[in-house]
file upload_5.json (JSON, N, CA, C and O atoms)
[["chain", "number", "residue", "atom", "x", "y", "z"],
["A", 1, "MET", "N", 110.28, -81.55, -14.89],
["A", 1, "MET", "CA", 111.21, -80.55, -14.44],
["A", 1, "MET", "C", 110.42, -79.31, -14.04],
["A", 1, "MET", "O", 109.49, -78.91, -14.73],
["A", 2, "LEU", "N", 110.77, -78.71, -12.93],
["A", 2, "LEU", "CA", 110.13, -77.49, -12.43],
["A", 2, "LEU", "C", 111.07, -76.31, -12.62],
["A", 2, "LEU", "O", 112.28, -76.45, -12.53],
["A", 3, "TRP", "N", 110.53, -75.14, -12.82],
["A", 3, "TRP", "CA", 111.39, -73.98, -12.98],
["A", 3, "TRP", "C", 111.31, -73.07, -11.77],
["A", 3, "TRP", "O", 110.35, -73.06, -11.04],
["A", 4, "LEU", "N", 112.38, -72.27, -11.57],
["A", 4, "LEU", "CA", 112.47, -71.34, -10.45],
["A", 4, "LEU", "C", 112.44, -69.88, -10.89],
["A", 4, "LEU", "O", 112.62, -68.99, -10.08],
["A", 5, "ALA", "N", 112.22, -69.65, -12.17],
["A", 5, "ALA", "CA", 112.20, -68.27, -12.69],
["A", 5, "ALA", "C", 110.81, -67.97, -13.22],
["A", 5, "ALA", "O", 110.04, -68.87, -13.53],
["A", 6, "TRP", "N", 110.48, -66.68, -13.30],
["A", 6, "TRP", "CA", 109.21, -66.27, -13.90],
["A", 6, "TRP", "C", 109.27, -66.57, -15.38],
["A", 6, "TRP", "O", 110.21, -66.19, -16.07],
["A", 7, "VAL", "N", 108.28, -67.28, -15.90],
["A", 7, "VAL", "CA", 108.23, -67.64, -17.32],
["A", 7, "VAL", "C", 106.92, -67.13, -17.89],
["A", 7, "VAL", "O", 105.84, -67.48, -17.39],
["A", 8, "ASP", "N", 107.01, -66.30, -18.90],
["A", 8, "ASP", "CA", 105.82, -65.73, -19.55],
["A", 8, "ASP", "C", 104.86, -65.12, -18.54],
["A", 8, "ASP", "O", 103.65, -65.27, -18.64],
["A", 9, "GLY", "N", 105.41, -64.45, -17.53],
["A", 9, "GLY", "CA", 104.58, -63.79, -16.53],
["A", 9, "GLY", "C", 103.96, -64.72, -15.50],
["A", 9, "GLY", "O", 103.19, -64.29, -14.65],
["A", 10, "ARG", "N", 104.29, -66.00, -15.58],
["A", 10, "ARG", "CA", 103.72, -66.98, -14.63],
["A", 10, "ARG", "C", 104.65, -67.17, -13.45],
["A", 10, "ARG", "O", 105.87, -67.17, -13.60],
["A", 11, "ARG", "N", 104.06, -67.36, -12.28],
["A", 11, "ARG", "CA", 104.81, -67.62, -11.06],
["A", 11, "ARG", "C", 105.62, -68.90, -11.24],
["A", 11, "ARG", "O", 105.15, -69.87, -11.82],
["A", 12, "PRO", "N", 106.86, -68.93, -10.73],
["A", 12, "PRO", "CA", 107.68, -70.15, -10.83],
["A", 12, "PRO", "C", 106.94, -71.36, -10.25],
["A", 12, "PRO", "O", 106.28, -71.26, -9.22],
["A", 13, "GLU", "N", 107.04, -72.49, -10.93],
["A", 13, "GLU", "CA", 106.33, -73.70, -10.51],
["A", 13, "GLU", "C", 106.68, -74.11, -9.08],
["A", 13, "GLU", "O", 105.82, -74.52, -8.33],
["A", 14, "VAL", "N", 107.96, -74.02, -8.72],
["A", 14, "VAL", "CA", 108.38, -74.43, -7.38],
["A", 14, "VAL", "C", 107.64, -73.60, -6.34],
["A", 14, "VAL", "O", 107.12, -74.13, -5.36],
["A", 15, "LEU", "N", 107.56, -72.30, -6.55],
["A", 15, "LEU", "CA", 106.89, -71.43, -5.58],
["A", 15, "LEU", "C", 105.39, -71.69, -5.57],
["A", 15, "LEU", "O", 104.76, -71.62, -4.51],
["A", 16, "SER", "N", 104.81, -72.01, -6.70],
["A", 16, "SER", "CA", 103.39, -72.34, -6.74],
["A", 16, "SER", "C", 103.11, -73.61, -5.92],
["A", 16, "SER", "O", 102.12, -73.69, -5.21],
["A", 17, "GLU", "N", 104.00, -74.57, -6.03],
["A", 17, "GLU", "CA", 103.85, -75.82, -5.27],
["A", 17, "GLU", "C", 103.98, -75.58, -3.76],
["A", 17, "GLU", "O", 103.35, -76.25, -2.97],
["A", 18, "LEU", "N", 104.82, -74.61, -3.38],
["A", 18, "LEU", "CA", 105.06, -74.34, -1.97],
["A", 18, "LEU", "C", 104.01, -73.40, -1.36],
["A", 18, "LEU", "O", 104.00, -73.20, -0.15],
["A", 19, "LYS", "N", 103.18, -72.80, -2.16],
["A", 19, "LYS", "CA", 102.05, -71.98, -1.71],
["A", 19, "LYS", "C", 102.39, -70.99, -0.60],
["A", 19, "LYS", "O", 102.34, -71.32, 0.57],
["A", 20, "GLY", "N", 102.77, -69.80, -1.00],
["A", 20, "GLY", "CA", 102.99, -68.74, -0.02],
["A", 20, "GLY", "C", 104.44, -68.47, 0.33],
["A", 20, "GLY", "O", 104.74, -67.50, 1.03],
["A", 21, "ILE", "N", 105.36, -69.28, -0.16],
["A", 21, "ILE", "CA", 106.78, -69.06, 0.10],
["A", 21, "ILE", "C", 107.31, -68.10, -0.96],
["A", 21, "ILE", "O", 107.08, -68.28, -2.15],
["A", 22, "SER", "N", 108.01, -67.07, -0.53],
["A", 22, "SER", "CA", 108.56, -66.12, -1.50],
["A", 22, "SER", "C", 109.78, -66.71, -2.20],
["A", 22, "SER", "O", 110.42, -67.64, -1.68],
["A", 23, "ARG", "N", 110.09, -66.14, -3.33],
["A", 23, "ARG", "CA", 111.28, -66.59, -4.06],
["A", 23, "ARG", "C", 112.53, -66.36, -3.22],
["A", 23, "ARG", "O", 113.42, -67.18, -3.17],
["A", 24, "ARG", "N", 112.58, -65.22, -2.54],
["A", 24, "ARG", "CA", 113.74, -64.91, -1.68],
["A", 24, "ARG", "C", 113.91, -65.97, -0.59],
["A", 24, "ARG", "O", 115.03, -66.39, -0.30],
["A", 25, "THR", "N", 112.80, -66.39, 0.02],
["A", 25, "THR", "CA", 112.88, -67.42, 1.05],
["A", 25, "THR", "C", 113.43, -68.72, 0.47],
["A", 25, "THR", "O", 114.32, -69.35, 1.06],
["A", 26, "PHE", "N", 112.94, -69.10, -0.70],
["A", 26, "PHE", "CA", 113.43, -70.35, -1.31],
["A", 26, "PHE", "C", 114.91, -70.25, -1.63],
["A", 26, "PHE", "O", 115.68, -71.17, -1.37],
["A", 27, "TYR", "N", 115.33, -69.10, -2.17],
["A", 27, "TYR", "CA", 116.75, -68.94, -2.47],
["A", 27, "TYR", "C", 117.58, -68.94, -1.20],
["A", 27, "TYR", "O", 118.70, -69.46, -1.19],
["A", 28, "ARG", "N", 117.07, -68.39, -0.12],
["A", 28, "ARG", "CA", 117.78, -68.43, 1.16],
["A", 28, "ARG", "C", 117.91, -69.86, 1.64],
["A", 28, "ARG", "O", 118.97, -70.27, 2.13],
["A", 29, "TRP", "N", 116.84, -70.64, 1.52],
["A", 29, "TRP", "CA", 116.92, -72.06, 1.87],
["A", 29, "TRP", "C", 118.00, -72.75, 1.05],
["A", 29, "TRP", "O", 118.73, -73.59, 1.57],
["A", 30, "ARG", "N", 118.12, -72.39, -0.23],
["A", 30, "ARG", "CA", 119.17, -72.97, -1.07],
["A", 30, "ARG", "C", 120.54, -72.60, -0.54],
["A", 30, "ARG", "O", 121.43, -73.45, -0.48],
["A", 31, "GLU", "N", 120.73, -71.32, -0.17],
["A", 31, "GLU", "CA", 122.01, -70.87, 0.37],
["A", 31, "GLU", "C", 122.40, -71.65, 1.62],
["A", 31, "GLU", "O", 123.57, -71.95, 1.84],
["A", 32, "LEU", "N", 121.40, -71.97, 2.43],
["A", 32, "LEU", "CA", 121.64, -72.68, 3.69],
["A", 32, "LEU", "C", 121.69, -74.20, 3.51],
["A", 32, "LEU", "O", 121.95, -74.93, 4.47],
["A", 33, "GLY", "N", 121.41, -74.67, 2.29],
["A", 33, "GLY", "CA", 121.42, -76.11, 2.03],
["A", 33, "GLY", "C", 120.17, -76.82, 2.50],
["A", 33, "GLY", "O", 120.17, -78.02, 2.71],
["A", 34, "HIS", "N", 119.06, -76.08, 2.64],
["A", 34, "HIS", "CA", 117.80, -76.65, 3.12],
["A", 34, "HIS", "C", 116.77, -76.85, 2.02],
["A", 34, "HIS", "O", 115.63, -77.19, 2.32],
["A", 35, "ALA", "N", 117.12, -76.62, 0.77],
["A", 35, "ALA", "CA", 116.17, -76.75, -0.34],
["A", 35, "ALA", "C", 116.57, -77.93, -1.23],
["A", 35, "ALA", "O", 117.66, -78.48, -1.10],
["A", 36, "SER", "N", 115.65, -78.29, -2.12],
["A", 36, "SER", "CA", 115.95, -79.39, -3.04],
["A", 36, "SER", "C", 117.08, -78.98, -3.98],
["A", 36, "SER", "O", 117.32, -77.80, -4.22],
["A", 37, "GLU", "N", 117.75, -79.97, -4.51],
["A", 37, "GLU", "CA", 118.84, -79.73, -5.45],
["A", 37, "GLU", "C", 118.31, -79.09, -6.72],
["A", 37, "GLU", "O", 117.25, -79.45, -7.21],
["A", 38, "ALA", "N", 119.05, -78.13, -7.24],
["A", 38, "ALA", "CA", 118.68, -77.47, -8.50],
["A", 38, "ALA", "C", 119.91, -77.44, -9.40],
["A", 38, "ALA", "O", 121.03, -77.60, -8.95],
["A", 39, "PHE", "N", 119.67, -77.25, -10.68],
["A", 39, "PHE", "CA", 120.78, -77.12, -11.62],
["A", 39, "PHE", "C", 120.53, -75.91, -12.50],
["A", 39, "PHE", "O", 119.40, -75.48, -12.68],
["A", 40, "LYS", "N", 121.60, -75.34, -12.99],
["A", 40, "LYS", "CA", 121.53, -74.11, -13.78],
["A", 40, "LYS", "C", 121.62, -74.44, -15.27],
["A", 40, "LYS", "O", 122.48, -75.20, -15.70],
["A", 41, "LEU", "N", 120.72, -73.85, -16.03],
["A", 41, "LEU", "CA", 120.74, -73.98, -17.49],
["A", 41, "LEU", "C", 121.76, -73.00, -18.06],
["A", 41, "LEU", "O", 122.19, -72.07, -17.37],
["A", 42, "PRO", "N", 122.15, -73.18, -19.31],
["A", 42, "PRO", "CA", 123.12, -72.26, -19.92],
["A", 42, "PRO", "C", 122.68, -70.79, -19.89],
["A", 42, "PRO", "O", 123.50, -69.89, -19.84],
["A", 43, "ASN", "N", 121.36, -70.54, -19.86],
["A", 43, "ASN", "CA", 120.88, -69.16, -19.81],
["A", 43, "ASN", "C", 120.84, -68.61, -18.38],
["A", 43, "ASN", "O", 120.39, -67.50, -18.15],
["A", 44, "GLY", "N", 121.27, -69.41, -17.42],
["A", 44, "GLY", "CA", 121.35, -68.96, -16.03],
["A", 44, "GLY", "C", 120.13, -69.29, -15.18],
["A", 44, "GLY", "O", 120.14, -69.10, -13.97],
["A", 45, "GLU", "N", 119.06, -69.79, -15.79],
["A", 45, "GLU", "CA", 117.86, -70.14, -15.03],
["A", 45, "GLU", "C", 118.08, -71.44, -14.28],
["A", 45, "GLU", "O", 118.83, -72.31, -14.72],
["A", 46, "LEU", "N", 117.41, -71.56, -13.15],
["A", 46, "LEU", "CA", 117.51, -72.77, -12.34],
["A", 46, "LEU", "C", 116.33, -73.69, -12.61],
["A", 46, "LEU", "O", 115.21, -73.23, -12.83],
["A", 47, "ARG", "N", 116.60, -74.98, -12.56],
["A", 47, "ARG", "CA", 115.56, -75.99, -12.72],
["A", 47, "ARG", "C", 115.73, -77.03, -11.62],
["A", 47, "ARG", "O", 116.83, -77.26, -11.13],
["A", 48, "VAL", "N", 114.63, -77.66, -11.27],
["A", 48, "VAL", "CA", 114.61, -78.71, -10.25],
["A", 48, "VAL", "C", 113.90, -79.91, -10.85],
["A", 48, "VAL", "O", 112.82, -79.76, -11.43],
["A", 49, "TRP", "N", 114.47, -81.09, -10.71],
["A", 49, "TRP", "CA", 113.77, -82.29, -11.16],
["A", 49, "TRP", "C", 112.60, -82.52, -10.22],
["A", 49, "TRP", "O", 112.73, -82.43, -9.00],
["A", 50, "ARG", "N", 111.43, -82.78, -10.78],
["A", 50, "ARG", "CA", 110.22, -82.98, -9.97],
["A", 50, "ARG", "C", 110.42, -84.10, -8.94],
["A", 50, "ARG", "O", 110.00, -83.96, -7.80],
["A", 51, "SER", "N", 111.06, -85.17, -9.32],
["A", 51, "SER", "CA", 111.28, -86.29, -8.39],
["A", 51, "SER", "C", 112.12, -85.84, -7.20],
["A", 51, "SER", "O", 111.83, -86.21, -6.05],
["A", 52, "ASP", "N", 113.16, -85.03, -7.44],
["A", 52, "ASP", "CA", 113.98, -84.51, -6.34],
["A", 52, "ASP", "C", 113.18, -83.56, -5.46],
["A", 52, "ASP", "O", 113.29, -83.58, -4.24],
["A", 53, "PHE", "N", 112.36, -82.72, -6.10],
["A", 53, "PHE", "CA", 111.54, -81.77, -5.36],
["A", 53, "PHE", "C", 110.54, -82.49, -4.46],
["A", 53, "PHE", "O", 110.38, -82.15, -3.28],
["A", 54, "LEU", "N", 109.87, -83.51, -5.00],
["A", 54, "LEU", "CA", 108.89, -84.25, -4.21],
["A", 54, "LEU", "C", 109.55, -85.02, -3.07],
["A", 54, "LEU", "O", 109.02, -85.08, -1.95],
["A", 55, "ALA", "N", 110.73, -85.57, -3.31],
["A", 55, "ALA", "CA", 111.47, -86.24, -2.24],
["A", 55, "ALA", "C", 111.85, -85.25, -1.14],
["A", 55, "ALA", "O", 111.75, -85.55, 0.05],
["A", 56, "TRP", "N", 112.27, -84.05, -1.54],
["A", 56, "TRP", "CA", 112.61, -83.01, -0.58],
["A", 56, "TRP", "C", 111.38, -82.61, 0.23],
["A", 56, "TRP", "O", 111.47, -82.47, 1.45],
["A", 57, "LEU", "N", 110.23, -82.45, -0.43],
["A", 57, "LEU", "CA", 109.00, -82.11, 0.30],
["A", 57, "LEU", "C", 108.65, -83.17, 1.32],
["A", 57, "LEU", "O", 108.27, -82.86, 2.45],
["A", 58, "ARG", "N", 108.76, -84.44, 0.92],
["A", 58, "ARG", "CA", 108.47, -85.54, 1.86],
["A", 58, "ARG", "C", 109.41, -85.50, 3.05],
["A", 58, "ARG", "O", 108.99, -85.71, 4.20],
["A", 59, "SER", "N", 110.67, -85.18, 2.82],
["A", 59, "SER", "CA", 111.63, -85.12, 3.92],
["A", 59, "SER", "C", 111.30, -83.95, 4.86],
["A", 59, "SER", "O", 111.48, -84.05, 6.06],
["A", 60, "ARG", "N", 110.81, -82.84, 4.29],
["A", 60, "ARG", "CA", 110.44, -81.69, 5.13],
["A", 60, "ARG", "C", 109.19, -81.99, 5.94],
["A", 60, "ARG", "O", 109.06, -81.56, 7.07],
["A", 61, "GLU", "N", 108.26, -82.75, 5.36],
["A", 61, "GLU", "CA", 107.04, -83.13, 6.10],
["A", 61, "GLU", "C", 107.44, -83.99, 7.30],
["A", 61, "GLU", "O", 106.91, -83.83, 8.38],
["A", 62, "GLY", "N", 108.39, -84.90, 7.08],
["A", 62, "GLY", "CA", 108.86, -85.74, 8.19],
["A", 62, "GLY", "C", 109.55, -84.94, 9.26],
["A", 62, "GLY", "O", 109.40, -85.21, 10.46],
["A", 63, "ALA", "N", 110.29, -83.91, 8.86],
["A", 63, "ALA", "CA", 111.01, -83.08, 9.84],
["A", 63, "ALA", "C", 110.04, -82.21, 10.63],
["A", 63, "ALA", "O", 110.30, -81.88, 11.79],
["A", 64, "ALA", "N", 108.92, -81.84, 10.01],
["A", 64, "ALA", "CA", 107.94, -80.97, 10.68],
["A", 64, "ALA", "C", 107.06, -81.75, 11.67],
["A", 64, "ALA", "O", 106.48, -81.17, 12.56],
["A", 65, "ALA", "N", 106.99, -83.05, 11.48],
["A", 65, "ALA", "CA", 106.11, -83.87, 12.34],
["A", 65, "ALA", "C", 106.70, -84.12, 13.71],
["A", 65, "ALA", "O", 107.78, -83.91, 14.05]]

call {"tool": "encode", "arguments": {"input": "upload_5.json", "output": "structure tokens"}}
result
Amino acid sequence: MLWLAWVDGRRPEVLSELKGISRRTFYRWRELGHASEAFKLPNGELRVWRSDFLAWLRSREGAAA
């Protein structure tokens, strides 16, 4: 599972994987339906299943080609 919030001062894992994409950009992609599926924890933080994230990345690579 990957996180989308700052944890212990560390950059969110999703943004680290995307290298150079701002959190605002990723959230905008979510608003537009262009990002991987995420779910909200009871504390309000968002999480993404790694398998869903990797499948989404593969689909974006195909769209960019």

call {"tool": "select_by_dssp", "arguments": {"input": "upload_5.json", "residues": "chain A", "states": "strand (DSSP E or B)", "output": "list of chain:residue names"}}
result
A:Leu2, A:Trp3, A:Val7, A:Arg10, A:Phe39, A:Lys40, A:Leu46, A:Arg47, A:Val48

call {"tool": "atom_distance", "arguments": {"input": "upload_5.json", "atom1": "atom O of Arg50 in chain A", "atom2": "CA of Leu18 in chain A"}}
result
12.3 Å

call {"tool": "residues_around", "arguments": {"input": "upload_5.json", "residues": "Ala38 in chain A", "least_positions_apart": "2", "cutoff": "7 Å", "atoms": "only C-alpha atoms", "output": "compact mmCIF listing (two decimals) with N, CA, C and O atoms, in the frame of the given file"}}
result
# COMPACT_ATOMS: atom_id res chain seq x y z
N SER A 36 115.65 -78.29 -2.12
CA SER A 36 115.95 -79.39 -3.04
C SER A 36 117.08 -78.98 -3.98
O SER A 36 117.32 -77.80 -4.22
N LYS A 40 121.60 -75.34 -12.99
CA LYS A 40 121.53 -74.11 -13.78
C LYS A 40 121.62 -74.44 -15.27
O LYS A 40 122.48 -75.20 -15.70
N LEU A 46 117.41 -71.56 -13.15
CA LEU A 46 117.51 -72.77 -12.34
C LEU A 46 116.33 -73.69 -12.61
O LEU A 46 115.21 -73.23 -12.83
N ARG A 47 116.60 -74.98 -12.56
CA ARG A 47 115.56 -75.99 -12.72
C ARG A 47 115.73 -77.03 -11.62
O ARG A 47 116.83 -77.26 -11.13
N VAL A 48 114.63 -77.66 -11.27
CA VAL A 48 114.61 -78.71 -10.25
C VAL A 48 113.90 -79.91 -10.85
O VAL A 48 112.82 -79.76 -11.43

call {"tool": "atom_distance", "arguments": {"input": "upload_5.json", "atom1": "atom N of Arg28 in chain A", "atom2": "atom O of Pro12 in chain A"}}
result
14.4 Å

call {"tool": "select_by_dssp", "arguments": {"input": "upload_5.json", "residues": "chain A", "states": "helix (DSSP H, G or I)", "output": "ChimeraX atom specification"}}
result
/A:13-18,23-32,50-64

call {"tool": "atom_distance", "arguments": {"input": "upload_5.json", "atom1": "atom C of Leu4 in chain A", "atom2": "atom C of Gly62 in chain A"}}
result
25.3 Å

call {"tool": "closest_residue", "arguments": {"input": "upload_5.json", "among": "A:Glu37, A:Glu31, A:Leu15, A:Arg23", "to": "Phe53 in chain A", "atoms": "all atoms listed in the file"}}
result
A:Glu37

call {"tool": "residues_around", "arguments": {"input": "upload_5.json", "residues": "Leu54 in chain A", "least_positions_apart": "2", "cutoff": "12 Å", "atoms": "only C-alpha atoms", "output": "mmCIF file with N, CA, C and O atoms, keeping the file's coordinate frame"}}
result
data_model
loop_
_atom_site.group_PDB
_atom_site.id
_atom_site.type_symbol
_atom_site.label_atom_id
_atom_site.label_comp_id
_atom_site.auth_asym_id
_atom_site.auth_seq_id
_atom_site.Cartn_x
_atom_site.Cartn_y
_atom_site.Cartn_z
ATOM 1 N N MET A 1 110.280 -81.550 -14.890
ATOM 2 C CA MET A 1 111.210 -80.550 -14.440
ATOM 3 C C MET A 1 110.420 -79.310 -14.040
ATOM 4 O O MET A 1 109.490 -78.910 -14.730
ATOM 5 N N LEU A 2 110.770 -78.710 -12.930
ATOM 6 C CA LEU A 2 110.130 -77.490 -12.430
ATOM 7 C C LEU A 2 111.070 -76.310 -12.620
ATOM 8 O O LEU A 2 112.280 -76.450 -12.530
ATOM 9 N N VAL A 14 107.960 -74.020 -8.720
ATOM 10 C CA VAL A 14 108.380 -74.430 -7.380
ATOM 11 C C VAL A 14 107.640 -73.600 -6.340
ATOM 12 O O VAL A 14 107.120 -74.130 -5.360
ATOM 13 N N GLU A 17 104.000 -74.570 -6.030
ATOM 14 C CA GLU A 17 103.850 -75.820 -5.270
ATOM 15 C C GLU A 17 103.980 -75.580 -3.760
ATOM 16 O O GLU A 17 103.350 -76.250 -2.970
ATOM 17 N N LEU A 18 104.820 -74.610 -3.380
ATOM 18 C CA LEU A 18 105.060 -74.340 -1.970
ATOM 19 C C LEU A 18 104.010 -73.400 -1.360
ATOM 20 O O LEU A 18 104.000 -73.200 -0.150
ATOM 21 N N ALA A 35 117.120 -76.620 0.770
ATOM 22 C CA ALA A 35 116.170 -76.750 -0.340
ATOM 23 C C ALA A 35 116.570 -77.930 -1.230
ATOM 24 O O ALA A 35 117.660 -78.480 -1.100
ATOM 25 N N SER A 36 115.650 -78.290 -2.120
ATOM 26 C CA SER A 36 115.950 -79.390 -3.040
ATOM 27 C C SER A 36 117.080 -78.980 -3.980
ATOM 28 O O SER A 36 117.320 -77.800 -4.220
ATOM 29 N N GLU A 37 117.750 -79.970 -4.510
ATOM 30 C CA GLU A 37 118.840 -79.730 -5.450
ATOM 31 C C GLU A 37 118.310 -79.090 -6.720
ATOM 32 O O GLU A 37 117.250 -79.450 -7.210
ATOM 33 N N VAL A 48 114.630 -77.660 -11.270
ATOM 34 C CA VAL A 48 114.610 -78.710 -10.250
ATOM 35 C C VAL A 48 113.900 -79.910 -10.850
ATOM 36 O O VAL A 48 112.820 -79.760 -11.430
ATOM 37 N N TRP A 49 114.470 -81.090 -10.710
ATOM 38 C CA TRP A 49 113.770 -82.290 -11.160
ATOM 39 C C TRP A 49 112.600 -82.520 -10.220
ATOM 40 O O TRP A 49 112.730 -82.430 -9.000
ATOM 41 N N ARG A 50 111.430 -82.780 -10.780
ATOM 42 C CA ARG A 50 110.220 -82.980 -9.970
ATOM 43 C C ARG A 50 110.420 -84.100 -8.940
ATOM 44 O O ARG A 50 110.000 -83.960 -7.800
ATOM 45 N N SER A 51 111.060 -85.170 -9.320
ATOM 46 C CA SER A 51 111.280 -86.290 -8.390
ATOM 47 C C SER A 51 112.120 -85.840 -7.200
ATOM 48 O O SER A 51 111.830 -86.210 -6.050
ATOM 49 N N ASP A 52 113.160 -85.030 -7.440
ATOM 50 C CA ASP A 52 113.980 -84.510 -6.340
ATOM 51 C C ASP A 52 113.180 -83.560 -5.460
ATOM 52 O O ASP A 52 113.290 -83.580 -4.240
ATOM 53 N N TRP A 56 112.270 -84.050 -1.540
ATOM 54 C CA TRP A 56 112.610 -83.010 -0.580
ATOM 55 C C TRP A 56 111.380 -82.610 0.230
ATOM 56 O O TRP A 56 111.470 -82.470 1.450
ATOM 57 N N LEU A 57 110.230 -82.450 -0.430
ATOM 58 C CA LEU A 57 109.000 -82.110 0.300
ATOM 59 C C LEU A 57 108.650 -83.170 1.320
ATOM 60 O O LEU A 57 108.270 -82.860 2.450
ATOM 61 N N ARG A 58 108.760 -84.440 0.920
ATOM 62 C CA ARG A 58 108.470 -85.540 1.860
ATOM 63 C C ARG A 58 109.410 -85.500 3.050
ATOM 64 O O ARG A 58 108.990 -85.710 4.200
ATOM 65 N N SER A 59 110.670 -85.180 2.820
ATOM 66 C CA SER A 59 111.630 -85.120 3.920
ATOM 67 C C SER A 59 111.300 -83.950 4.860
ATOM 68 O O SER A 59 111.480 -84.050 6.060
ATOM 69 N N ARG A 60 110.810 -82.840 4.290
ATOM 70 C CA ARG A 60 110.440 -81.690 5.130
ATOM 71 C C ARG A 60 109.190 -81.990 5.940
ATOM 72 O O ARG A 60 109.060 -81.560 7.070
ATOM 73 N N GLU A 61 108.260 -82.750 5.360
ATOM 74 C CA GLU A 61 107.040 -83.130 6.100
ATOM 75 C C GLU A 61 107.440 -83.990 7.300
ATOM 76 O O GLU A 61 106.910 -83.830 8.380
#

call {"tool": "axis_aligned_box", "arguments": {"input": "upload_5.json", "around": "range 42-56 of chain A", "padding_each_side": "5 Å", "output": "AutoDock Vina command-line options"}}
result
--center_x 116.2 --center_y -76.9 --center_z -9.2 --size_x 24.6 --size_y 28.8 --size_z 31.4
